[in-house]
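Have a look at the structure below before the remarks.
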Amino acid sequence: MKKYTIISLMLLCLILAGILTACGKITNKTESEEASTSIKDADPENLDDITMDALVDEAMKQMTLEQKIGQMFIVCTDSLDFNAETEITDQMKENLNHYQPGGVILFSFNLDNRDQTSQFISDMKQMTEIPMFIAVDEEGGNVARIANTDGMGTTKFPTMASIGETGDPSQAYNVGNTIGREISELGFNLDFAPVADLATNENNTEIGERSFGSDPELVSQMVSQEVKGLQQNGVSATLKHFPGQGNAGEDTHKGYVNLDVTIDRLRDNEFLPFEEGIAAGADLIMVSHVSVKAITQSDVPASLSSLMVNDILREELQYDNIIITDAMNMKIITKFYDSGQAAVAAIKAGNDIILMPDDFESAYEAVREAVKDGTLSEKRINTSVRRILKVKICRGILSLNSSILEKITQPE
């Protein structure tokens, strides 16, 4: 065996101790048994903070600035090759290899059948050094890209309003557990669900029956249980759409929307399902593009507001996992910002991931240039990438056997 440096030996001891502590095991092992213990054999969900930080540090040391920036984007297939939908192409391979995005989101037009979907996902996964999020909007009801596509063979659920009407949170757990199990079998590892909005405005067609209902306590219980069901199957859950846009009367896909509420109203009502989802361990929270003018004193969308993203969601609600924007190709963004401006503004506001920029290449380059000219610091980029890698390790997306973690997980 090669000799370890003192520092390497100390680090290895800390990590091995962390694994045993995290798993809650106190054993009297022989020296040879202890030496054979490896991080790669640990349960990634139960890694303690010291071990997780060591793994993330090792991965970060091997990443270029460009790879880090890539992790901060989840893109649709159109951004990789506009002419490809259901199978990987040479252009997609080239762009995946070049930009190394943090993830790809699939829609109904990407899905023909189970075999095609699994193969498509598998082919894309092979193109990036750091494993990607493979995401989908699979809420149940009308927003179910997989279940509502003929030939996919997954369970069709009624609207979440119908689930909420049962008054039984175990029904929401069943939704999450079933969706999580079935989409993970196809290769998906991120679901943009559950909807944590309250349905308090009957004119709101954007949310409507996608919500569990209007009662904050009931919706909170439903959201919490769906999060648990999804993530117990290795699928990251996403609470959406912070700060809660169920009371808005217009559609953010079509243009400017102002949510006319006070901060006290949000704290007493809309925030409650998000707080319960946070307590349940939700991996992501998606921030809406609604403006909250009464709170921010501006027309800036919540997704681009440091007050809403950083001060309120990150600091007040104490959320420390991944914050992702809503889709950045929506008219409420594209009408007022170009892709580069929007991406830089979103990161400055505190978001960790930019979802579906209208022009991915321009957004990526704008972020890279912003770091080079000092508009964004690399420290700021690192903060977000650390959160992304932690979730990927926790969900087993970034395997403890991965080559990028080899120096830590496989002692020489």
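Ordering of the structure tokens sets the chain letters (A, B, ...); residue numbers start at 1 within each chain; ligands are numbered from 1 in the order shown.
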Excluding same-chain residues fewer than 5 positions from A:Glu129, what lies within 10 Å of it counting only C-alpha atoms, as a list in words?
Met63, Gln67, Leu96, Asn97, Gln100, Pro101, Leu398, Ser402, Ser403 and Ile404 of chain A
Counting only C-alpha atoms, what is within 7 Å of stretch 210-226 of chain A, bar same-chain residues fewer than 4 positions away, as a list in words?
Thr159, Met160, Ala161, Ile163, Gly164, Pro169, Ser170, Ala172, Tyr173, Val175, Gly176, Pro194, Val195, Ala196, Asp197, Leu198, Ala199, Thr200, Leu230, Asn269, Glu270, Leu272, Pro273, Glu276, Gly277 and Ala280 of chain A
I need the helix (DSSP H, G or I) residues of stretch 89-187 of chain A per DSSP on the backbone, written as number ranges by chain.
A: 90-99, 108-110, 114-125, 160-165, 169-186
Do a neighbour search on A:Glu139 at 7 Å with only C-alpha atoms, toss out local chain neighbours closer than 3 positions, and write the hits as a PyMOL selection string.
chain A and resi 143-144+193-194
Taking 6 positions as the minimum chain separation for residues in the same chain, which residues sit within 7 Å of stretch 81-93 of chain A when counting only C-alpha atoms? Answer as a PDB file with N, CA, C and O atoms, in the first residue's frame.
```
ATOM      1  N   PHE A 109     -43.339  15.705 -26.410  1.00  0.00           N
ATOM      2  CA  PHE A 109     -42.843  15.489 -27.768  1.00  0.00           C
ATOM      3  C   PHE A 109     -41.528  14.719 -27.805  1.00  0.00           C
ATOM      4  O   PHE A 109     -41.096  14.271 -28.871  1.00  0.00           O
ATOM      5  N   ASN A 110     -40.900  14.554 -26.635  1.00  0.00           N
ATOM      6  CA  ASN A 110     -39.672  13.764 -26.560  1.00  0.00           C
ATOM      7  C   ASN A 110     -39.947  12.285 -26.306  1.00  0.00           C
ATOM      8  O   ASN A 110     -39.024  11.473 -26.305  1.00  0.00           O
ATOM      9  N   LEU A 111     -41.209  11.940 -26.063  1.00  0.00           N
ATOM     10  CA  LEU A 111     -41.551  10.599 -25.603  1.00  0.00           C
ATOM     11  C   LEU A 111     -42.388   9.856 -26.642  1.00  0.00           C
ATOM     12  O   LEU A 111     -43.497  10.274 -26.973  1.00  0.00           O
ATOM     13  N   PHE A 120     -33.045   7.054 -24.992  1.00  0.00           N
ATOM     14  CA  PHE A 120     -32.732   8.469 -25.192  1.00  0.00           C
ATOM     15  C   PHE A 120     -32.055   9.042 -23.962  1.00  0.00           C
ATOM     16  O   PHE A 120     -31.017   9.712 -24.038  1.00  0.00           O
ATOM     17  N   ASP A 123     -28.538   7.520 -23.466  1.00  0.00           N
ATOM     18  CA  ASP A 123     -27.564   8.078 -24.413  1.00  0.00           C
ATOM     19  C   ASP A 123     -27.110   9.472 -23.986  1.00  0.00           C
ATOM     20  O   ASP A 123     -25.920   9.801 -24.084  1.00  0.00           O
ATOM     21  N   MET A 124     -28.041  10.290 -23.515  1.00  0.00           N
ATOM     22  CA  MET A 124     -27.676  11.640 -23.088  1.00  0.00           C
ATOM     23  C   MET A 124     -26.809  11.612 -21.831  1.00  0.00           C
ATOM     24  O   MET A 124     -25.852  12.376 -21.706  1.00  0.00           O
ATOM     25  N   MET A 127     -22.973  11.471 -22.074  1.00  0.00           N
ATOM     26  CA  MET A 127     -22.246  12.559 -22.714  1.00  0.00           C
ATOM     27  C   MET A 127     -21.653  13.581 -21.754  1.00  0.00           C
ATOM     28  O   MET A 127     -20.923  14.475 -22.170  1.00  0.00           O
TER      29      MET A 127
END
```
